[in-house]
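Asker: So here's input13.csv (CSV, C-alpha atoms).
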chain,number,residue,atom,x,y,z
L,48,MET,CA,0.0,0.0,0.0
L,49,THR,CA,1.3,3.5,-0.9
L,50,THR,CA,1.9,5.6,2.2
L,51,ALA,CA,2.2,9.3,2.7
L,52,ARG,CA,6.0,8.9,3.0
L,53,THR,CA,6.4,6.9,-0.3
L,54,ARG,CA,3.8,8.8,-2.4
L,55,MET,CA,5.6,10.8,-5.1
L,56,PRO,CA,5.0,14.5,-5.1
L,57,PRO,CA,3.1,16.0,-8.1
L,58,ARG,CA,5.0,17.2,-11.2
L,59,PHE,CA,5.2,20.9,-12.1
L,60,ASP,CA,5.9,22.3,-15.5
L,61,ALA,CA,6.5,26.1,-15.4
L,62,ARG,CA,6.2,26.3,-19.2
L,63,ASP,CA,2.7,24.8,-19.3
L,64,PRO,CA,0.5,27.5,-21.0
L,65,ALA,CA,-2.0,27.3,-18.2
L,66,VAL,CA,0.8,28.0,-15.7
L,67,VAL,CA,2.2,30.9,-17.8
L,68,ALA,CA,-1.3,32.4,-17.9
L,69,ASP,CA,-1.9,32.1,-14.2
L,70,PRO,CA,0.4,29.9,-12.0
L,71,TYR,CA,-1.3,30.7,-8.7
L,72,PRO,CA,-4.0,28.0,-8.7
L,73,THR,CA,-1.4,25.4,-9.6
L,74,TYR,CA,0.9,26.7,-6.8
L,75,ALA,CA,-2.0,26.4,-4.3
L,76,ALA,CA,-2.6,22.8,-5.3
L,77,LEU,CA,1.2,22.0,-5.0
L,78,ARG,CA,1.4,23.6,-1.5
L,79,ALA,CA,-1.7,21.5,-0.5
L,80,ALA,CA,0.0,18.3,-1.7
L,81,GLY,CA,3.2,18.9,0.2
L,82,PRO,CA,6.4,21.0,0.5
L,83,LEU,CA,8.0,19.5,-2.7
L,84,CYS,CA,7.1,19.0,-6.3
L,85,ARG,CA,9.0,17.2,-9.1
L,86,MET,CA,10.4,19.3,-11.9
L,87,GLY,CA,13.2,18.4,-14.4
L,88,PRO,CA,15.6,15.4,-14.0
L,89,GLY,CA,17.2,15.5,-10.6
L,90,SER,CA,15.3,18.7,-9.8
L,91,TRP,CA,12.8,19.4,-7.0
L,92,GLY,CA,10.6,22.4,-6.5
L,93,VAL,CA,10.0,23.9,-3.0
L,94,THR,CA,6.5,25.2,-2.7
L,95,ARG,CA,5.9,26.6,0.8
L,96,TYR,CA,6.9,30.0,2.3
L,97,ALA,CA,8.5,28.6,5.5
L,98,ASP,CA,10.8,26.2,3.6
L,99,VAL,CA,11.7,28.7,0.9
L,100,ALA,CA,12.5,31.5,3.4
L,101,ARG,CA,14.7,29.1,5.3
L,102,LEU,CA,16.4,27.7,2.2
L,103,VAL,CA,17.3,31.0,0.5
L,104,ARG,CA,19.6,31.5,3.5
L,105,ASP,CA,20.8,28.0,3.9
L,106,PRO,CA,24.6,27.7,3.3
L,107,ARG,CA,24.2,24.0,2.3
L,108,LEU,CA,22.6,25.3,-0.9
L,109,GLY,CA,24.8,26.9,-3.6
L,110,SER,CA,24.4,28.9,-6.8
L,111,GLU,CA,27.6,27.8,-8.4
L,112,PHE,CA,26.7,25.1,-10.9
L,113,PRO,CA,29.1,22.9,-12.9
L,114,ALA,CA,30.1,24.2,-16.4
L,115,ASP,CA,28.2,21.3,-17.9
L,116,TYR,CA,24.9,22.7,-16.4
L,117,HIS,CA,25.4,26.0,-18.1
L,118,ARG,CA,26.3,24.4,-21.4
L,119,MET,CA,23.1,22.3,-21.1
L,120,SER,CA,20.9,25.3,-20.2
L,121,ALA,CA,22.5,28.0,-22.5
L,122,GLY,CA,24.7,26.2,-25.0
L,123,ASP,CA,28.5,26.1,-25.8
L,124,GLY,CA,28.7,29.7,-26.9
L,125,PRO,CA,29.4,33.0,-25.1
L,126,ALA,CA,26.1,32.9,-23.2
L,127,GLY,CA,27.1,29.5,-21.6
L,128,SER,CA,30.6,30.7,-20.6
L,129,PHE,CA,29.2,34.0,-19.3
L,130,PHE,CA,27.3,32.3,-16.5
L,131,GLY,CA,30.5,30.9,-15.0
L,132,SER,CA,31.9,34.3,-14.1
L,133,ILE,CA,28.9,36.4,-12.9
L,134,ILE,CA,28.0,37.0,-9.3
L,135,LEU,CA,24.7,35.3,-9.6
L,136,TYR,CA,26.3,31.9,-10.1
L,137,ARG,CA,29.3,32.2,-7.7
L,138,ASP,CA,29.5,30.8,-4.2
L,139,PRO,CA,31.8,31.7,-1.3
L,140,PRO,CA,34.6,32.7,-1.1
L,141,GLU,CA,34.4,34.1,-4.6
L,142,HIS,CA,30.8,35.3,-4.2
L,143,GLY,CA,31.7,37.3,-1.1
L,144,ARG,CA,34.7,39.0,-2.8
L,145,LEU,CA,32.6,39.9,-5.9
L,146,ARG,CA,29.6,41.1,-3.8
L,147,ARG,CA,31.7,43.3,-1.5
L,148,LEU,CA,33.4,45.0,-4.5
L,149,MET,CA,30.2,45.4,-6.5
L,150,ALA,CA,28.1,46.5,-3.5
L,151,ARG,CA,30.6,49.4,-2.9
L,152,ALA,CA,30.2,50.4,-6.5
L,153,PHE,CA,26.4,49.8,-6.7
L,154,SER,CA,25.6,51.8,-3.6
L,155,PRO,CA,22.2,53.1,-2.5
L,156,ALA,CA,23.7,56.6,-2.4
L,157,LEU,CA,24.5,56.5,-6.1
L,158,VAL,CA,20.9,55.3,-6.8
L,159,ARG,CA,19.4,58.0,-4.7
L,160,ARG,CA,21.3,60.7,-6.6
L,161,LEU,CA,19.8,59.3,-9.8
L,162,ARG,CA,16.2,59.8,-8.5
L,163,PRO,CA,15.6,63.2,-10.1
L,164,ARG,CA,17.0,61.9,-13.4
L,165,ILE,CA,14.7,58.9,-13.2
L,166,ALA,CA,11.7,61.2,-12.7
L,167,ALA,CA,12.7,63.2,-15.7
L,168,MET,CA,13.0,60.0,-17.8
L,169,VAL,CA,9.5,58.8,-16.8
L,170,THR,CA,8.1,62.3,-17.7
L,171,GLU,CA,9.8,62.2,-21.1
L,172,LEU,CA,8.5,58.7,-21.8
L,173,LEU,CA,4.9,59.6,-20.8
L,174,ASP,CA,4.7,62.8,-22.9
L,175,PRO,CA,3.5,61.0,-26.0
L,176,ALA,CA,0.8,59.3,-24.0
L,177,GLU,CA,-0.6,62.6,-22.9
L,178,ARG,CA,-1.0,63.6,-26.6
L,179,ALA,CA,-2.2,60.2,-27.8
L,180,GLY,CA,-4.5,59.3,-24.8
L,181,ARG,CA,-2.9,55.9,-24.6
L,182,PHE,CA,0.4,54.0,-24.3
L,183,ASP,CA,1.7,50.5,-23.9
L,184,ALA,CA,3.1,49.9,-20.4
L,185,VAL,CA,5.7,47.6,-21.7
L,186,SER,CA,7.1,49.0,-25.0
L,187,ASP,CA,6.6,52.7,-24.1
L,188,LEU,CA,7.5,52.7,-20.5
L,189,ALA,CA,8.5,49.5,-18.6
L,190,PHE,CA,11.2,48.4,-21.1
L,191,PRO,CA,12.9,51.7,-22.2
L,192,LEU,CA,13.0,53.2,-18.7
L,193,PRO,CA,15.2,50.6,-17.0
L,194,VAL,CA,17.5,50.5,-20.0
L,195,MET,CA,17.9,54.3,-19.8
L,196,VAL,CA,18.5,54.2,-16.0
L,197,VAL,CA,21.1,51.4,-16.1
L,198,CYS,CA,22.9,53.3,-19.0
L,199,ALA,CA,22.9,56.4,-16.8
L,200,LEU,CA,24.2,54.4,-13.9
L,201,MET,CA,27.0,53.1,-16.0
L,202,GLY,CA,27.7,56.5,-17.6
L,203,ILE,CA,26.8,55.3,-21.1
L,204,PRO,CA,26.1,58.2,-23.5
L,205,PRO,CA,22.4,58.7,-24.3
L,206,ALA,CA,23.3,58.6,-28.0
L,207,ASP,CA,24.1,54.9,-27.6
L,208,HIS,CA,20.9,53.9,-25.9
L,209,GLU,CA,19.1,52.9,-29.1
L,210,ARG,CA,22.1,50.7,-30.1
L,211,ILE,CA,22.0,48.9,-26.7
L,212,ARG,CA,18.3,48.3,-26.4
L,213,PRO,CA,18.0,45.3,-28.8
L,214,HIS,CA,21.0,43.7,-27.3
L,215,ALA,CA,19.6,44.1,-23.8
L,216,LEU,CA,16.4,42.5,-25.0
L,217,ASP,CA,18.2,39.6,-26.5
L,218,LEU,CA,20.4,39.2,-23.4
L,219,SER,CA,17.2,38.4,-21.4
L,220,LYS,CA,16.8,35.3,-23.5
L,221,ALA,CA,20.0,33.8,-22.0
L,222,PHE,CA,18.4,33.8,-18.5
L,223,ALA,CA,15.6,31.3,-19.3
L,224,ALA,CA,15.9,28.1,-17.2
L,225,ILE,CA,16.5,26.3,-20.4
L,226,VAL,CA,17.3,28.6,-23.4
L,227,PRO,CA,15.4,27.3,-26.5
L,228,GLU,CA,17.7,26.3,-29.4
L,229,SER,CA,16.0,29.0,-31.5
L,230,ASP,CA,17.0,31.8,-29.0
L,231,ARG,CA,20.6,30.7,-28.4
L,232,PRO,CA,22.2,32.5,-31.3
L,233,ALA,CA,20.6,35.8,-30.3
L,234,ALA,CA,21.6,35.3,-26.7
L,235,ASP,CA,25.2,34.5,-27.7
L,236,ARG,CA,25.4,37.6,-30.0
L,237,ALA,CA,24.0,39.8,-27.2
L,238,VAL,CA,26.6,38.6,-24.7
L,239,GLU,CA,29.4,39.0,-27.3
L,240,TRP,CA,28.3,42.5,-28.4
L,241,LEU,CA,27.8,43.8,-24.8
L,242,ARG,CA,31.2,42.4,-23.7
L,243,GLY,CA,32.9,44.2,-26.6
L,244,TYR,CA,31.0,47.5,-26.1
L,245,LEU,CA,31.5,47.6,-22.3
L,246,GLY,CA,35.1,46.6,-22.7
L,247,GLU,CA,35.7,49.7,-24.8
L,248,ILE,CA,33.9,51.9,-22.3
L,249,LEU,CA,36.1,50.4,-19.5
L,250,ASP,CA,39.2,51.2,-21.4
L,251,ARG,CA,38.1,54.9,-21.6
L,252,ARG,CA,37.2,54.9,-17.8
L,253,ARG,CA,40.7,53.7,-16.9
L,254,ALA,CA,42.1,56.8,-18.6
L,255,GLU,CA,39.3,59.2,-17.5
L,256,PRO,CA,37.4,57.8,-14.4
L,257,GLY,CA,34.0,59.3,-13.5
L,258,ASP,CA,31.4,58.8,-10.8
L,259,ASP,CA,29.5,56.0,-12.6
L,260,LEU,CA,29.1,52.3,-11.8
L,261,LEU,CA,31.9,51.2,-14.2
L,262,SER,CA,34.4,53.6,-12.8
L,263,ARG,CA,33.4,52.5,-9.3
L,264,MET,CA,33.9,48.9,-10.2
L,265,LEU,CA,37.3,49.6,-11.6
L,266,ALA,CA,38.3,51.5,-8.4
L,267,ALA,CA,36.7,49.3,-5.8
L,268,THR,CA,38.9,47.3,-3.5
L,269,ASP,CA,38.2,45.0,-0.6
L,270,ASP,CA,39.8,45.0,2.9
L,271,ASP,CA,42.8,43.1,1.5
L,272,GLY,CA,43.3,45.5,-1.5
L,273,ALA,CA,41.9,43.1,-4.0
L,274,VAL,CA,40.3,44.5,-7.1
L,275,LEU,CA,38.0,43.1,-9.8
L,276,ALA,CA,39.7,41.6,-12.8
L,277,ALA,CA,38.9,43.2,-16.2
L,278,ASP,CA,37.0,40.2,-17.5
L,279,GLU,CA,35.0,40.0,-14.1
L,280,ILE,CA,34.1,43.7,-14.5
L,281,VAL,CA,32.9,43.2,-18.1
L,282,ASP,CA,30.8,40.1,-17.4
L,283,ASN,CA,29.3,41.4,-14.2
L,284,ALA,CA,28.6,44.7,-16.0
L,285,VAL,CA,26.8,42.7,-18.7
L,286,PHE,CA,24.9,40.9,-15.9
L,287,ALA,CA,24.0,44.3,-14.4
L,288,PHE,CA,22.2,45.1,-17.7
L,289,PHE,CA,19.9,42.1,-17.1
L,290,ALA,CA,19.6,42.7,-13.3
L,291,GLY,CA,19.1,46.4,-13.9
L,292,PHE,CA,16.4,46.2,-16.5
L,293,GLU,CA,14.6,42.8,-16.6
L,294,THR,CA,13.3,42.8,-13.0
L,295,THR,CA,12.3,46.4,-13.1
L,296,THR,CA,10.6,46.0,-16.5
L,297,ASN,CA,8.5,43.2,-15.2
L,298,LEU,CA,7.8,44.9,-11.9
L,299,ILE,CA,6.4,48.0,-13.6
L,300,ALA,CA,4.5,46.1,-16.2
L,301,THR,CA,2.8,43.7,-13.7
L,302,GLY,CA,2.1,46.6,-11.4
L,303,VAL,CA,0.3,48.6,-14.1
L,304,ALA,CA,-1.6,45.5,-15.1
L,305,ALA,CA,-2.6,44.9,-11.5
L,306,LEU,CA,-3.9,48.4,-11.1
L,307,LEU,CA,-6.0,48.1,-14.3
L,308,GLU,CA,-7.5,44.8,-13.0
L,309,HIS,CA,-8.2,46.3,-9.6
L,310,PRO,CA,-9.6,49.8,-9.9
L,311,ASP,CA,-10.4,49.9,-6.2
L,312,GLN,CA,-6.7,49.6,-5.4
L,313,GLN,CA,-5.9,52.4,-8.0
L,314,ARG,CA,-8.5,54.6,-6.2
L,315,LEU,CA,-6.8,53.9,-2.8
L,316,LEU,CA,-3.4,55.0,-4.2
L,317,ARG,CA,-4.9,58.1,-5.8
L,318,ALA,CA,-6.5,59.0,-2.5
L,319,ASP,CA,-3.2,58.5,-0.6
L,320,PRO,CA,-0.1,58.7,-2.7
L,321,THR,CA,2.1,57.9,0.4
L,322,LEU,CA,1.0,54.3,-0.1
L,323,VAL,CA,3.0,54.0,-3.3
L,324,PRO,CA,6.1,52.4,-1.6
L,325,ARG,CA,3.8,49.9,0.1
L,326,ALA,CA,2.0,49.2,-3.2
L,327,VAL,CA,5.4,48.4,-4.9
L,328,GLU,CA,6.1,45.8,-2.2
L,329,GLU,CA,2.6,44.4,-2.8
L,330,PHE,CA,3.2,44.2,-6.6
L,331,LEU,CA,6.4,42.3,-5.9
L,332,ARG,CA,4.5,39.8,-3.6
L,333,TYR,CA,1.3,39.5,-5.6
L,334,ASP,CA,2.8,38.8,-9.0
L,335,GLY,CA,6.6,38.9,-8.6
L,336,PRO,CA,8.9,39.2,-11.6
L,337,ILE,CA,11.0,36.2,-10.7
L,338,GLN,CA,9.0,33.1,-9.9
L,339,GLY,CA,11.8,30.8,-8.9
L,340,VAL,CA,15.5,30.5,-8.3
L,341,ALA,CA,17.8,27.5,-8.7
L,342,ARG,CA,20.1,26.2,-6.0
L,343,LEU,CA,22.4,23.2,-6.0
L,344,ALA,CA,22.4,21.0,-2.9
L,345,ARG,CA,26.0,20.8,-1.7
L,346,GLU,CA,25.0,18.6,1.2
L,347,ASP,CA,22.0,16.4,2.0
L,348,VAL,CA,19.0,18.6,2.9
L,349,VAL,CA,15.8,17.4,4.6
L,350,ILE,CA,12.5,19.0,3.4
L,351,GLY,CA,9.4,17.6,4.9
L,352,ASP,CA,9.8,13.8,5.1
L,353,ARG,CA,12.3,13.6,2.2
L,354,THR,CA,16.0,13.9,2.1
L,355,ILE,CA,17.3,15.8,-1.0
L,356,ARG,CA,20.7,14.3,-1.8
L,357,ALA,CA,23.8,16.4,-2.5
L,358,GLY,CA,24.1,17.2,-6.2
L,359,ARG,CA,20.3,17.6,-6.7
L,360,VAL,CA,18.9,20.9,-7.9
L,361,LEU,CA,16.3,22.7,-5.9
L,362,ILE,CA,14.0,25.3,-7.5
L,363,LEU,CA,12.8,27.7,-4.8
L,364,LEU,CA,9.4,28.7,-6.0
L,365,LEU,CA,9.3,32.3,-4.8
L,366,GLY,CA,5.9,32.9,-6.6
L,367,SER,CA,4.3,30.1,-4.7
L,368,ALA,CA,5.9,31.2,-1.3
L,369,ASN,CA,4.5,34.7,-1.8
L,370,ARG,CA,1.0,33.4,-2.0
L,371,ASP,CA,1.2,31.0,1.0
L,372,PRO,CA,-1.8,31.5,3.3
L,373,GLU,CA,0.3,30.3,6.2
L,374,GLN,CA,2.4,33.5,5.9
L,375,PHE,CA,0.1,36.1,4.3
L,376,ALA,CA,-3.5,36.9,5.2
L,377,ASP,CA,-5.8,36.6,2.1
L,378,PRO,CA,-2.8,36.1,-0.1
L,379,ASP,CA,-4.7,36.0,-3.4
L,380,ARG,CA,-6.0,39.5,-2.9
L,381,LEU,CA,-4.1,42.6,-4.1
L,382,ASP,CA,-3.9,44.9,-1.1
L,383,VAL,CA,-1.8,48.1,-1.6
L,384,THR,CA,-2.3,48.9,2.1
L,385,ARG,CA,-0.7,45.6,3.3
L,386,GLU,CA,1.7,46.3,6.1
L,387,ASP,CA,3.2,42.9,7.1
L,388,ASN,CA,4.7,41.9,3.7
L,389,PRO,CA,8.0,39.9,4.1
L,390,HIS,CA,7.8,38.7,0.4
L,391,LEU,CA,10.7,36.8,-1.1
L,392,SER,CA,10.8,38.3,-4.6
L,393,PHE,CA,14.4,39.5,-4.2
L,394,GLY,CA,15.5,36.3,-2.6
L,395,GLY,CA,17.5,36.4,0.6
L,396,GLY,CA,20.8,35.6,2.3
L,397,ILE,CA,24.1,36.2,0.5
L,398,HIS,CA,22.4,36.0,-2.9
L,399,HIS,CA,19.8,38.7,-2.1
L,400,CYS,CA,19.3,40.8,-5.3
L,401,LEU,CA,21.9,43.6,-5.6
L,402,GLY,CA,19.6,45.6,-7.9
L,403,GLY,CA,16.6,45.4,-5.5
L,404,TYR,CA,17.0,48.9,-4.3
L,405,LEU,CA,17.2,50.3,-7.8
L,406,ALA,CA,14.1,48.4,-8.9
L,407,ARG,CA,12.1,49.8,-6.0
L,408,VAL,CA,13.2,53.4,-6.6
L,409,GLU,CA,12.3,53.2,-10.3
L,410,ALA,CA,9.0,51.6,-9.6
L,411,GLN,CA,8.1,54.1,-6.9
L,412,VAL,CA,8.9,57.1,-9.2
L,413,THR,CA,7.0,55.5,-12.1
L,414,PHE,CA,3.8,55.0,-10.2
L,415,GLU,CA,3.9,58.3,-8.4
L,416,THR,CA,4.2,60.0,-11.8
L,417,LEU,CA,1.5,57.9,-13.5
L,418,LEU,CA,-1.0,58.6,-10.8
L,419,ARG,CA,-0.2,62.3,-10.5
L,420,ARG,CA,-0.2,62.9,-14.2
L,421,PHE,CA,-3.2,60.9,-15.4
L,422,PRO,CA,-6.6,61.1,-13.6
L,423,THR,CA,-7.6,57.7,-15.0
L,424,LEU,CA,-5.8,54.6,-16.1
L,425,THR,CA,-7.9,51.9,-17.8
L,426,ALA,CA,-7.2,48.9,-20.1
L,427,ALA,CA,-7.1,49.9,-23.8
L,428,GLY,CA,-7.1,46.2,-24.9
L,429,PRO,CA,-6.1,42.8,-23.6
L,430,ALA,CA,-2.7,42.4,-22.0
L,431,ARG,CA,-0.4,39.7,-23.5
L,432,ARG,CA,1.9,37.5,-21.4
L,433,GLN,CA,5.4,36.4,-22.4
L,434,THR,CA,5.9,32.6,-22.5
L,435,ASP,CA,8.8,32.1,-20.1
L,436,GLY,CA,7.8,30.4,-17.0
L,437,THR,CA,10.8,31.6,-14.9
L,438,LEU,CA,9.8,35.3,-15.2
L,439,ARG,CA,6.3,36.8,-14.8
L,440,SER,CA,6.4,39.2,-17.7
L,441,TYR,CA,4.2,40.8,-20.3
L,442,ALA,CA,4.7,41.4,-24.0
L,443,SER,CA,2.1,44.2,-24.0
L,444,VAL,CA,-0.2,46.0,-21.6
L,445,PRO,CA,-2.3,48.7,-23.5
L,446,VAL,CA,-3.4,51.6,-21.3
L,447,ALA,CA,-5.9,54.4,-22.0
L,448,VAL,CA,-5.3,57.6,-20.0
L,449,GLY,CA,-7.6,60.3,-18.9
L,450,PRO,CA,-7.0,63.9,-20.1
As structure tokens, what does this structure read like?
Answerer:
Amino acid sequence: MTTARTRMPPRFDARDPAVVADPYPTYAALRAAGPLCRMGPGSWGVTRYADVARLVRDPRLGSEFPADYHRMSAGDGPAGSFFGSIILYRDPPEHGRLRRLMARAFSPALVRRLRPRIAAMVTELLDPAERAGRFDAVSDLAFPLPVMVVCALMGIPPADHERIRPHALDLSKAFAAIVPESDRPAADRAVEWLRGYLGEILDRRRAEPGDDLLSRMLAATDDDGAVLAADEIVDNAVFAFFAGFETTTNLIATGVAALLEHPDQQRLLRADPTLVPRAVEEFLRYDGPIQGVARLAREDVVIGDRTIRAGRVLILLLGSANRDPEQFADPDRLDVTREDNPHLSFGGGIHHCLGGYLARVEAQVTFETLLRRFPTLTAAGPARRQTDGTLRSYASVPVAVGP
């Protein structure tokens, strides 16, 4: 007879069209079935908040995967090799060294100084919407804004922004859990082009340093006087393009879509704009940009009544954890007034997202400006989702604005 201990957990396919459209009913069923679900070969998904919150900080789990894993997921080209050097996939002691150096360069003070420029960028991007009476929250705002901001952060000339945008978009294809064969050439070209472009910028910064992210990365040293190697700066600067725009793009797009679907919450924000920072945290919880993060078990780990053996991959399902009723009251309801909101959308522990502060600032400025400038925001057509199950993203969110 099958017992609770021997019964196999259910399977979960993040690329199932029904899951891409709305993963949250599936997450609820998975949490009810147990703390684990089966994913790819040798991979387990973790479904519940308490387990995910513990495991994102567990030193027995690592982010540094073997080279074969990256070749399997992204191919043999530049994209596959790129993952071996970026901070996202490094473990201690190398992760600590890289993070200390990058954190000193990617400081909140630098981001705060950018806030007036971010506000000016949002205003510029929304000017055509005022004339046209409509805009697309993705193509007209959520995608161009973070690219403009990360370029400003790196000191990249505005004249080059249009050259960079298509490569930044193709770069995002490299971060799928498994990059489809059809996307690999574009992802490889994007990594190769951005490496070359940023390498040239770095050469200029060595001769004439400024107060931008690249100059700070060149100048940063740790307590022992160590500096970042040139290839580490280039690849981690390329990664900053992804970290600096992809999460923010999806945060803004999903936040706008949520306000269109919940006009009562939009009215609350209009009545009290001081709720915007709290609303941004709720957008992150309610429909977070990153639905899961992969970790490699370096030692045996017990989850529920199962032992996950060393060498297995755990997918920490952040999107499921953020809707767990054991942690959040009425978790399937969007509530921009929510106070107790310890969501996991930026991960936790040593791998907590370095760009989280920047994403929050950009989103806050965007929603403050939208609500102040336009008396109404309503859907101007159906929103269209992207098809990658790792990220909650939109291809289009048409918006009609009031005069």
Asker: Looking at L:Ala189, L:Ala179, L:Leu361, L:Ala150, which one is nearest to Met264 (chain L), with distances taken over all atoms listed in the file?
Answerer: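 Checking each of L:Ala189, L:Ala179, L:Leu361, L:Ala150 against Met264 (chain L), counting all atoms listed in the file, the winner is L:Ala150.
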Asker: As an exercise, work out the distance from CA of Ala80 (chain L) to CA of Gly92 (chain L) in Å and give it to one decimal place.
Answerer: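 Between CA of Ala80 (chain L) and CA of Gly92 (chain L) the gap is 12.3 Å.
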Asker: List as an MDAnalysis selection string the protein and nucleic acid residues near Arg78 (chain L), meaning an atom at most 12 Å away when all atoms listed in the file are counted, but skip any in the same chain fewer than 2 places from it.
Answerer: chainID L and resid 56:57 59 71:76 80:84 92:99 351 364 366:373
Asker: Write out the residues from the selection above, keeping C-alpha atoms, as a PDB file, keeping the file's coordinate frame.
Answerer:
ATOM      1  CA  PRO L  56       5.000  14.500  -5.100  1.00  0.00           C
ATOM      2  CA  PRO L  57       3.100  16.000  -8.100  1.00  0.00           C
ATOM      3  CA  PHE L  59       5.200  20.900 -12.100  1.00  0.00           C
ATOM      4  CA  TYR L  71      -1.300  30.700  -8.700  1.00  0.00           C
ATOM      5  CA  PRO L  72      -4.000  28.000  -8.700  1.00  0.00           C
ATOM      6  CA  THR L  73      -1.400  25.400  -9.600  1.00  0.00           C
ATOM      7  CA  TYR L  74       0.900  26.700  -6.800  1.00  0.00           C
ATOM      8  CA  ALA L  75      -2.000  26.400  -4.300  1.00  0.00           C
ATOM      9  CA  ALA L  76      -2.600  22.800  -5.300  1.00  0.00           C
ATOM     10  CA  ALA L  80       0.000  18.300  -1.700  1.00  0.00           C
ATOM     11  CA  GLY L  81       3.200  18.900   0.200  1.00  0.00           C
ATOM     12  CA  PRO L  82       6.400  21.000   0.500  1.00  0.00           C
ATOM     13  CA  LEU L  83       8.000  19.500  -2.700  1.00  0.00           C
ATOM     14  CA  CYS L  84       7.100  19.000  -6.300  1.00  0.00           C
ATOM     15  CA  GLY L  92      10.600  22.400  -6.500  1.00  0.00           C
ATOM     16  CA  VAL L  93      10.000  23.900  -3.000  1.00  0.00           C
ATOM     17  CA  THR L  94       6.500  25.200  -2.700  1.00  0.00           C
ATOM     18  CA  ARG L  95       5.900  26.600   0.800  1.00  0.00           C
ATOM     19  CA  TYR L  96       6.900  30.000   2.300  1.00  0.00           C
ATOM     20  CA  ALA L  97       8.500  28.600   5.500  1.00  0.00           C
ATOM     21  CA  ASP L  98      10.800  26.200   3.600  1.00  0.00           C
ATOM     22  CA  VAL L  99      11.700  28.700   0.900  1.00  0.00           C
ATOM     23  CA  GLY L 351       9.400  17.600   4.900  1.00  0.00           C
ATOM     24  CA  LEU L 364       9.400  28.700  -6.000  1.00  0.00           C
ATOM     25  CA  GLY L 366       5.900  32.900  -6.600  1.00  0.00           C
ATOM     26  CA  SER L 367       4.300  30.100  -4.700  1.00  0.00           C
ATOM     27  CA  ALA L 368       5.900  31.200  -1.300  1.00  0.00           C
ATOM     28  CA  ASN L 369       4.500  34.700  -1.800  1.00  0.00           C
ATOM     29  CA  ARG L 370       1.000  33.400  -2.000  1.00  0.00           C
ATOM     30  CA  ASP L 371       1.200  31.000   1.000  1.00  0.00           C
ATOM     31  CA  PRO L 372      -1.800  31.500   3.300  1.00  0.00           C
ATOM     32  CA  GLU L 373       0.300  30.300   6.200  1.00  0.00           C
TER      33      GLU L 373
END
Asker: Identify which of the residues L:Gln338, L:Ser443, L:Thr416, L:Ser128 lies closest to Glu239 (chain L), counting only C-alpha atoms when measuring atom-to-atom distances.
Answerer: L:Ser128
Asker: What does the distance from CA of Val444 (chain L) to CA of Ala300 (chain L) come to in Å, to one decimal?
Answerer: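 Interatomic distance, CA of Val444 (chain L) to CA of Ala300 (chain L): 7.2 Å.
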Asker: How far is it from CA of Asp259 (chain L) to CA of Pro213 (chain L), in Å with one decimal?
Answerer: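 So the answer is 22.6 Å.
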Asker: Which residue gives the smallest distance to Arg431 (chain L) among L:Asp334, L:Asp352, L:Asp183, L:Asp278, with all atoms listed in the file counted?
Answerer: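 Checking each candidate against Arg431 (chain L), we get L:Asp183 as the closest.
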Asker: Which of these, L:Gly131, L:Gly89, L:Pro310, L:Pro389, has the shortest distance to Ser110 (chain L) once you count only C-alpha atoms?
Answerer: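 For Ser110 (chain L), the nearest of the given residues is L:Gly131.
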Asker: For region 217-219 of chain L, please output as a JSON list (two decimals) with C-alpha atoms, keeping the file's coordinate frame all residues within 8 Å (counting all atoms listed in the file; exclusion window: fewer than 3 positions along the same chain).
Answerer:
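And here is the file that came out, selection-v6.json:
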[["chain", "number", "residue", "atom", "x", "y", "z"],
["L", 213, "PRO", "CA", 18.00, 45.30, -28.80],
["L", 214, "HIS", "CA", 21.00, 43.70, -27.30],
["L", 222, "PHE", "CA", 18.40, 33.80, -18.50],
["L", 223, "ALA", "CA", 15.60, 31.30, -19.30],
["L", 233, "ALA", "CA", 20.60, 35.80, -30.30],
["L", 234, "ALA", "CA", 21.60, 35.30, -26.70],
["L", 235, "ASP", "CA", 25.20, 34.50, -27.70],
["L", 237, "ALA", "CA", 24.00, 39.80, -27.20],
["L", 238, "VAL", "CA", 26.60, 38.60, -24.70],
["L", 289, "PHE", "CA", 19.90, 42.10, -17.10],
["L", 293, "GLU", "CA", 14.60, 42.80, -16.60]]
Asker: Determine the nearest neighbour of Ile134 (chain L) from the options L:Val348, L:Val285, L:Leu260, L:Ala406, counting all atoms listed in the file.
Answerer: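 Comparing L:Val348, L:Val285, L:Leu260, L:Ala406 against Ile134 (chain L), the winner is L:Val285.
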Asker: Which is closest to Ala427 (chain L) among L:Leu161, L:Leu401, L:Leu307, L:Leu315, if we use only C-alpha atoms?
Answerer: L:Leu307
Asker: Within 12 Å of (2.2, 62.9, -13.1) (file coordinates; all atoms listed in the file), which protein or nucleic acid residues are there? I'd like them as a ChimeraX atom specification.
Answerer: /L:166-167,169-174,176-177,317,320,412-424,448-450
Asker: Pick out the residues sitting within 12 Å of region 156-160 of chain L, and hand them over as a PyMOL selection string; count only C-alpha atoms, and ignore anything fewer than 3 positions along from it in its own chain.
Answerer: chain L and resi 150-153+163-166+196-197+199-202+258-260+263+291+401-409+412
Asker: Using only C-alpha atoms, determine which residues lie at most 7 Å from region 250-253 of chain L, disregarding the query and same-chain residues fewer than 4 positions distant; provide the list as a PDB file with C-alpha atoms, keeping the file's coordinate frame.
Answerer:
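Wrote out.pdb, looks like this:
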ATOM      1  CA  GLY L 246      35.100  46.600 -22.700  1.00  0.00           C
ATOM      2  CA  GLY L 257      34.000  59.300 -13.500  1.00  0.00           C
ATOM      3  CA  SER L 262      34.400  53.600 -12.800  1.00  0.00           C
TER       4      SER L 262
END
